[in-house]
>>> print(open('protein_31.txt').read())   # compact mmCIF, C-alpha atoms and all ligand atoms
# COMPACT_ATOMS: atom_id res chain seq x y z
CA MET A 63 103.99 84.19 45.19
CA LYS A 64 105.11 81.56 42.73
CA ILE A 65 104.85 77.91 43.71
CA GLY A 66 107.45 75.50 42.32
CA ILE A 67 106.34 71.89 42.42
CA ILE A 68 109.14 69.34 42.13
CA GLY A 69 107.74 66.12 40.74
CA THR A 70 104.92 65.66 38.26
CA GLY A 71 103.44 62.45 39.65
CA ASN A 72 100.24 61.89 41.63
CA VAL A 73 100.89 64.48 44.33
CA GLY A 74 102.65 67.12 42.24
CA SER A 75 100.00 67.09 39.55
CA ALA A 76 97.10 67.17 42.05
CA LEU A 77 98.53 70.13 43.97
CA GLY A 78 99.48 71.93 40.77
CA LYS A 79 96.00 71.54 39.32
CA GLY A 80 94.37 72.66 42.56
CA TRP A 81 96.45 75.79 43.02
CA ALA A 82 96.44 76.76 39.35
CA SER A 83 92.63 76.53 39.35
CA GLN A 84 92.62 79.02 42.25
CA GLY A 85 94.75 81.48 40.29
CA HIS A 86 98.16 80.74 41.84
CA LYS A 87 101.29 80.90 39.71
CA VAL A 88 102.63 77.37 39.38
CA VAL A 89 105.79 76.02 37.78
CA PHE A 90 106.66 72.34 37.69
CA GLY A 91 110.27 71.31 38.22
CA THR A 92 110.85 68.10 36.33
CA ARG A 93 113.59 65.95 34.86
CA GLN A 94 111.81 65.98 31.50
CA PRO A 95 110.05 69.30 30.83
CA GLU A 96 109.53 68.44 27.17
CA GLY A 97 108.43 64.84 27.83
CA GLU A 98 105.02 63.55 26.80
CA LYS A 99 103.79 63.01 30.37
CA VAL A 100 104.63 66.55 31.42
CA GLN A 101 103.22 68.13 28.25
CA LYS A 102 99.95 66.23 28.82
CA LEU A 103 99.85 67.51 32.40
CA LEU A 104 100.43 71.11 31.27
CA ALA A 105 97.57 70.78 28.79
CA GLU A 106 95.29 69.53 31.59
CA VAL A 107 96.30 72.21 34.08
CA GLY A 108 95.68 75.04 31.67
CA GLU A 109 97.30 78.27 30.62
CA GLY A 110 100.04 80.03 32.52
CA VAL A 111 101.56 76.93 34.13
CA THR A 112 105.03 75.98 32.93
CA ALA A 113 107.47 73.09 33.31
CA VAL A 114 111.21 73.67 33.57
CA PRO A 115 114.28 71.80 34.82
CA ILE A 116 114.35 71.36 38.61
CA PRO A 117 117.04 74.01 39.38
CA ASP A 118 115.12 76.62 37.35
CA ALA A 119 111.85 75.88 39.15
CA ILE A 120 113.56 76.25 42.53
CA GLN A 121 115.22 79.52 41.55
CA GLN A 122 111.99 80.99 40.13
CA SER A 123 109.80 80.14 43.12
CA ASP A 124 109.16 81.48 46.61
CA ILE A 125 107.51 78.26 47.73
CA ILE A 126 108.80 74.84 46.70
CA VAL A 127 106.87 71.61 47.13
CA LEU A 128 108.91 68.43 47.28
CA ALA A 129 106.63 65.85 45.68
CA THR A 130 109.18 63.22 44.73
CA PRO A 131 110.07 59.86 46.24
CA TRP A 132 111.96 60.45 49.49
CA ASN A 133 115.12 58.94 48.02
CA ALA A 134 115.27 61.81 45.48
CA ALA A 135 115.22 64.50 48.20
CA SER A 136 118.98 64.82 48.53
CA ASP A 137 119.47 65.21 44.77
CA VAL A 138 116.75 67.87 44.61
CA ALA A 139 118.28 69.67 47.58
CA HIS A 140 121.64 69.78 45.83
CA ALA A 141 120.18 71.00 42.53
CA VAL A 142 120.78 74.58 43.68
CA THR A 143 123.23 76.02 46.18
CA ASN A 144 121.09 78.78 47.67
CA TRP A 145 117.81 77.97 49.45
CA ARG A 146 117.82 81.08 51.63
CA GLY A 147 114.34 82.54 52.19
CA LYS A 148 112.44 79.73 50.44
CA ILE A 149 109.48 77.98 52.00
CA VAL A 150 109.82 74.26 51.30
CA ILE A 151 106.78 72.05 51.71
CA ASP A 152 107.81 68.45 52.29
CA ALA A 153 105.07 66.15 51.04
CA THR A 154 107.25 63.06 50.96
CA ASN A 155 106.82 59.85 52.87
CA PRO A 156 110.04 57.98 53.56
CA ILE A 157 108.71 54.53 52.82
CA ALA A 158 111.00 51.51 52.94
CA PRO A 159 110.11 47.96 51.86
CA GLY A 160 107.56 46.31 54.15
CA LEU A 161 105.82 49.64 54.81
CA GLN A 162 108.52 50.75 57.22
CA LEU A 163 109.70 54.31 57.82
CA ALA A 164 113.09 54.52 56.11
CA VAL A 165 114.28 57.08 58.68
CA GLY A 166 112.87 55.31 61.76
CA HIS A 167 110.99 57.10 64.55
CA THR A 168 113.71 59.17 66.22
CA THR A 169 114.05 61.59 63.32
CA SER A 170 111.95 62.33 60.25
CA ALA A 171 112.30 62.98 56.54
CA ALA A 172 111.32 66.61 57.11
CA GLU A 173 114.02 67.17 59.73
CA GLN A 174 116.63 65.53 57.52
CA LEU A 175 115.48 67.60 54.55
CA ALA A 176 115.90 70.78 56.62
CA THR A 177 119.55 69.89 57.20
CA PHE A 178 120.04 69.75 53.41
CA LEU A 179 118.49 73.24 52.91
CA PRO A 180 120.25 75.89 54.98
CA GLY A 181 118.23 79.10 55.20
CA ALA A 182 114.98 77.53 53.99
CA SER A 183 111.84 77.11 56.13
CA VAL A 184 110.65 73.53 55.88
CA VAL A 185 106.98 72.75 56.53
CA LYS A 186 105.70 69.18 56.53
CA ALA A 187 102.32 68.97 54.80
CA PHE A 188 100.29 67.06 52.21
CA ASN A 189 101.71 63.67 53.22
CA THR A 190 98.85 62.24 55.33
CA THR A 191 96.24 61.79 52.66
CA GLY A 192 95.96 60.37 49.16
CA ALA A 193 96.56 62.51 46.09
CA GLU A 194 92.88 62.17 45.07
CA ASN A 195 91.88 63.85 48.33
CA MET A 196 94.15 66.79 47.49
CA LEU A 197 91.98 67.50 44.46
CA ASP A 198 88.75 66.97 46.38
CA PRO A 199 89.15 67.36 50.17
CA LEU A 200 85.43 67.47 50.96
CA TYR A 201 83.63 64.47 52.44
CA ASP A 202 79.87 64.99 52.63
CA GLY A 203 80.61 68.68 52.16
CA ASP A 204 82.98 68.83 55.15
CA PRO A 205 86.70 69.51 54.81
CA ILE A 206 89.12 66.80 55.82
CA THR A 207 92.17 67.73 57.87
CA MET A 208 95.67 68.51 56.68
CA PHE A 209 98.20 68.09 59.46
CA ILE A 210 101.21 70.36 59.18
CA CYS A 211 104.27 71.18 61.26
CA GLY A 212 107.34 73.38 61.04
CA ASP A 213 109.56 75.73 63.02
CA ASP A 214 108.72 78.96 61.14
CA ALA A 215 105.32 80.43 62.08
CA ASP A 216 105.14 82.69 59.01
CA ALA A 217 105.91 79.78 56.69
CA LYS A 218 103.21 77.70 58.39
CA ASN A 219 100.71 80.54 57.92
CA THR A 220 101.51 80.58 54.21
CA VAL A 221 101.14 76.80 53.93
CA THR A 222 97.90 76.95 55.94
CA GLU A 223 96.47 79.45 53.44
CA LEU A 224 97.56 77.25 50.54
CA ALA A 225 95.94 74.18 52.10
CA GLU A 226 92.76 76.10 52.91
CA THR A 227 92.66 77.34 49.31
CA LEU A 228 92.41 73.70 48.26
CA GLY A 229 89.59 73.14 50.74
CA PHE A 230 91.38 71.54 53.70
CA ASP A 231 90.90 72.19 57.38
CA VAL A 232 94.43 72.64 58.80
CA ALA A 233 95.79 71.36 62.11
CA ASP A 234 99.18 72.68 63.20
CA VAL A 235 100.90 69.88 65.12
CA GLY A 236 103.88 72.00 66.22
CA GLY A 237 107.55 72.36 65.36
CA LEU A 238 109.27 70.40 62.62
CA GLU A 239 110.07 67.61 65.09
CA ALA A 240 106.35 66.79 64.98
CA ALA A 241 107.02 65.31 61.54
CA ARG A 242 108.04 62.25 63.61
CA LEU A 243 104.31 61.97 64.35
CA ILE A 244 102.88 63.11 61.02
CA GLU A 245 104.99 60.77 58.91
CA PRO A 246 103.81 57.62 60.75
CA MET A 247 100.24 58.95 60.38
CA ALA A 248 100.69 58.55 56.66
CA MET A 249 101.59 54.92 57.25
CA VAL A 250 98.25 54.49 59.04
CA TRP A 251 96.45 55.96 56.00
CA ILE A 252 98.41 53.72 53.62
CA THR A 253 97.82 50.64 55.76
CA LEU A 254 94.08 51.27 55.99
CA ALA A 255 93.77 52.07 52.29
CA MET A 256 95.98 49.34 50.89
CA LYS A 257 96.45 46.54 53.40
CA GLN A 258 93.12 46.68 55.22
CA GLY A 259 91.20 47.12 51.98
CA LEU A 260 89.39 50.39 52.71
CA GLY A 261 90.59 51.89 49.43
CA ARG A 262 91.75 55.41 48.67
CA ASN A 263 88.50 57.25 49.43
CA ILE A 264 89.34 57.62 53.09
CA ALA A 265 90.72 60.56 55.04
CA PHE A 266 91.59 61.82 58.50
CA LYS A 267 89.36 64.48 60.01
CA LEU A 268 89.98 66.23 63.32
CA VAL A 269 86.67 66.88 65.04
CA ARG A 270 86.27 69.63 67.61
CA ARG A 271 83.65 70.62 70.22
N1 LIG A 301 100.50 59.09 46.00
C1 LIG A 301 99.93 59.61 47.09
O1 LIG A 301 98.69 59.53 47.26
C2 LIG A 301 100.78 60.32 48.12
C3 LIG A 301 100.14 61.04 49.13
C4 LIG A 301 100.89 61.77 50.05
C5 LIG A 301 102.28 61.77 49.95
N2 LIG A 301 102.89 61.03 48.96
C6 LIG A 301 104.35 61.12 48.88
O2 LIG A 301 104.61 62.14 47.92
C7 LIG A 301 105.75 61.82 47.15
C8 LIG A 301 105.34 61.73 45.67
O3 LIG A 301 104.37 60.70 45.54
P1 LIG A 301 103.67 60.44 44.13
O4 LIG A 301 102.64 59.40 44.36
O5 LIG A 301 103.31 61.73 43.50
O6 LIG A 301 104.88 59.78 43.33
P2 LIG A 301 104.98 59.56 41.75
O7 LIG A 301 103.63 59.55 41.15
O8 LIG A 301 105.90 58.40 41.57
O9 LIG A 301 105.72 60.90 41.26
C9 LIG A 301 106.94 61.30 41.79
C10 LIG A 301 107.56 62.28 40.81
O10 LIG A 301 108.84 62.64 41.33
C11 LIG A 301 109.73 62.87 40.26
N3 LIG A 301 110.94 62.07 40.51
C12 LIG A 301 111.03 60.73 40.64
N4 LIG A 301 112.31 60.37 40.87
C13 LIG A 301 113.03 61.51 40.89
C14 LIG A 301 114.40 61.79 41.05
N5 LIG A 301 115.31 60.82 41.27
N6 LIG A 301 114.81 63.09 41.00
C15 LIG A 301 113.91 64.09 40.78
N7 LIG A 301 112.58 63.87 40.61
C16 LIG A 301 112.17 62.60 40.66
C17 LIG A 301 109.05 62.43 38.97
O11 LIG A 301 108.67 63.58 38.24
P3 LIG A 301 109.39 63.88 36.82
O12 LIG A 301 109.39 62.57 36.10
O13 LIG A 301 108.53 64.92 36.19
O14 LIG A 301 110.78 64.39 37.14
C18 LIG A 301 107.81 61.69 39.44
O15 LIG A 301 106.70 61.90 38.62
C19 LIG A 301 106.29 60.50 47.69
O16 LIG A 301 107.31 60.78 48.63
C20 LIG A 301 105.07 59.88 48.38
O17 LIG A 301 105.45 59.02 49.42
C21 LIG A 301 102.17 60.32 48.05
>>> encode(input="protein_31.txt", output="structure tokens")
Amino acid sequence: MKIGIIGTGNVGSALGKGWASQGHKVVFGTRQPEGEKVQKLLAEVGEGVTAVPIPDAIQQSDIIVLATPWNAASDVAHAVTNWRGKIVIDATNPIAPGLQLAVGHTTSAAEQLATFLPGASVVKAFNTTGAENMLDPLYDGDPITMFICGDDADAKNTVTELAETLGFDVADVGGLEAARLIEPMAMVWITLAMKQGLGRNIAFKLVRR
């Protein structure tokens, strides 16, 4: 299955590098496929990975990762008219000034995104940890946890496999409405890392016994 990653910033490039290194087919969807930043990224990721305009990446891919600022989500959603059958991984955090959730607590970015994408299966994932952890999710040799949610069990299984391929332990928090919990979790990570001074080498881990 081909993975289309929309956005070539911290998250998009980390996920693209990770999956490409595990032999997955990756295409970046970007506003500037020929730009210097994207060409440098392609050189780093290695052979077989391409960069194309956003509508082309969506059309070519079975799985799409939204790795853009939340305020670009609507534009990306409207870049193509047919999302039927696609798995869409929403990695965004809807951050407003003052570290607030732009969508509040009675809905979520993921649920709003799903309304833009009729026929697609939206899975929230890769939003609760820093991009560096996506490239290296082991702490003292133990995997950190990736919290996911979504309404389509098959889509969640696919996303679970993709997260495990990168080295994460996966915790399924439930239906897409659980993004109302997972998105504020990201604010906890950001607050600890940035405001409380712990830095970016921190991660959530679910322990079990
Ligand atoms: N940084 C983290 O550690 C982290 C962790 C978890 C989740 N997140 C969330 O993941 C998302 C991406 O974060 P990031 O740190 O990777 O951001 P970033 O480094 O700023 O990259 C975002 C990318 O999105 C694309 N983009 C920006 N504006 C766009 C627009 N109007 N239309 C289409 N594409 C646009 C750009 O790619 P092109 O220039 O190639 O088009 C840009 O490189 C955000 O929602 C963030 O909250 C971030």
>>> residues_near_point(input="protein_31.txt", point="(120.5, 69.8, 53.0)", cutoff="9 Å", atoms="all atoms listed in the file", output="VMD selection string")
chain A and resid 135 to 136 139 to 140 174 to 180
>>> write_last_selection(input="protein_31.txt", atoms="C-alpha atoms", output="mmCIF file, in the coordinates of the input")
data_model
loop_
_atom_site.group_PDB
_atom_site.id
_atom_site.type_symbol
_atom_site.label_atom_id
_atom_site.label_comp_id
_atom_site.auth_asym_id
_atom_site.auth_seq_id
_atom_site.Cartn_x
_atom_site.Cartn_y
_atom_site.Cartn_z
ATOM 1 C CA ALA A 135 115.220 64.500 48.200
ATOM 2 C CA SER A 136 118.980 64.820 48.530
ATOM 3 C CA ALA A 139 118.280 69.670 47.580
ATOM 4 C CA HIS A 140 121.640 69.780 45.830
ATOM 5 C CA GLN A 174 116.630 65.530 57.520
ATOM 6 C CA LEU A 175 115.480 67.600 54.550
ATOM 7 C CA ALA A 176 115.900 70.780 56.620
ATOM 8 C CA THR A 177 119.550 69.890 57.200
ATOM 9 C CA PHE A 178 120.040 69.750 53.410
ATOM 10 C CA LEU A 179 118.490 73.240 52.910
ATOM 11 C CA PRO A 180 120.250 75.890 54.980
#
>>> residues_around(input="protein_31.txt", residues="Tyr201 of chain A", least_positions_apart="6", cutoff="10 Å", atoms="all atoms listed in the file", output="CSV table (one decimal) with C-alpha atoms, keeping the file's coordinate frame")
chain,number,residue,atom,x,y,z
A,195,ASN,CA,91.9,63.8,48.3
A,263,ASN,CA,88.5,57.2,49.4
A,264,ILE,CA,89.3,57.6,53.1
A,265,ALA,CA,90.7,60.6,55.0
A,267,LYS,CA,89.4,64.5,60.0
>>> closest_atom_pairs(input="protein_31.txt", of="chain A", to="ligand LIG 301 (chain A)", cutoff="6 Å", atoms="all atoms listed in the file", output="tab-separated table")
residue	atom	partner	partner_atom	distance
A:Gly69	CA	A:LIG301	O11	3.7
A:Thr70	CA	A:LIG301	O15	4.2
A:Gly71	CA	A:LIG301	O9	3.2
A:Asn72	CA	A:LIG301	O5	3.6
A:Val73	CA	A:LIG301	O5	3.8
A:Gly74	CA	A:LIG301	O5	5.6
A:Thr92	CA	A:LIG301	O14	3.8
A:Arg93	CA	A:LIG301	O14	3.9
A:Gln94	CA	A:LIG301	O13	5.8
A:Ala129	CA	A:LIG301	C8	4.3
A:Thr130	CA	A:LIG301	O10	3.5
A:Pro131	CA	A:LIG301	O16	3.8
A:Trp132	CA	A:LIG301	O16	4.7
A:Ala134	CA	A:LIG301	N5	4.3
A:Ala153	CA	A:LIG301	O2	5.1
A:Thr154	CA	A:LIG301	O16	3.3
A:Asn155	CA	A:LIG301	O17	3.8
A:Phe188	CA	A:LIG301	C4	5.7
A:Asn189	CA	A:LIG301	C4	3.8
A:Thr190	CA	A:LIG301	C4	5.7
A:Thr191	CA	A:LIG301	C3	5.3
A:Gly192	CA	A:LIG301	O1	3.4
A:Ala193	CA	A:LIG301	O1	3.8
>>> atom_distance(input="protein_31.txt", atom1="atom CA of Asn133 of chain A", atom2="atom CA of Ile68 of chain A")
13.4 Å
>>> atom_distance(input="protein_31.txt", atom1="atom CA of Pro159 of chain A", atom2="atom CA of Val100 of chain A")
28.2 Å
>>> closest_residue(input="protein_31.txt", among="A:Leu228, A:Leu268, A:Val127, A:Ala255", to="Ala82 of chain A", atoms="all atoms listed in the file")
A:Leu228
>>> residues_around(input="protein_31.txt", residues="Val221 of chain A", least_positions_apart="4", cutoff="12 Å", atoms="only C-alpha atoms", output="VMD selection string")
chain A and resid 63 65 81 124 to 127 149 to 153 183 to 188 208 to 212 214 to 217 225 to 228 230 to 234
>>> atom_distance(input="protein_31.txt", atom1="atom CA of Leu197 of chain A", atom2="atom CA of Gly80 of chain A")
6.0 Å
>>> residues_near_point(input="protein_31.txt", point="(115.5, 81.0, 39.6)", cutoff="12 Å", atoms="all atoms listed in the file", output="list of chain:residue names")
A:Lys64, A:Ile65, A:Gly66, A:Val89, A:Gly91, A:Val114, A:Pro115, A:Ile116, A:Pro117, A:Asp118, A:Ala119, A:Ile120, A:Gln121, A:Gln122, A:Ser123, A:Asp124, A:Ile125, A:Ile126, A:Ala141, A:Val142, A:Thr143, A:Asn144, A:Trp145, A:Lys148
>>> closest_residue(input="protein_31.txt", among="A:Gly97, A:Pro156, A:Gly85, A:Gly261", to="Glu109 of chain A", atoms="only C-alpha atoms")
A:Gly85
>>> closest_residue(input="protein_31.txt", among="A:Gln84, A:Leu163, A:Leu260, A:Arg242", to="Gly229 of chain A", atoms="all atoms listed in the file")
A:Gln84
>>> residues_around(input="protein_31.txt", residues="His167 of chain A", least_positions_apart="5", cutoff="12 Å", atoms="all atoms listed in the file", output="list in words")
Pro156, Gln162, Glu173, Glu239, Ala240, Ala241, Arg242, Leu243, Ile244, Glu245, Pro246 and Met247 of chain A
>>> closest_residue(input="protein_31.txt", among="A:Thr168, A:Lys87, A:Val235, A:Pro95", to="Thr207 of chain A", atoms="only C-alpha atoms")
A:Val235
>>> closest_residue(input="protein_31.txt", among="A:Ile67, A:Val88, A:Ala248, A:Val269", to="Val138 of chain A", atoms="only C-alpha atoms")
A:Ile67
>>> closest_residue(input="protein_31.txt", among="A:Thr220, A:Thr253, A:Ser170, A:Gln101", to="Leu238 of chain A", atoms="only C-alpha atoms")
A:Ser170
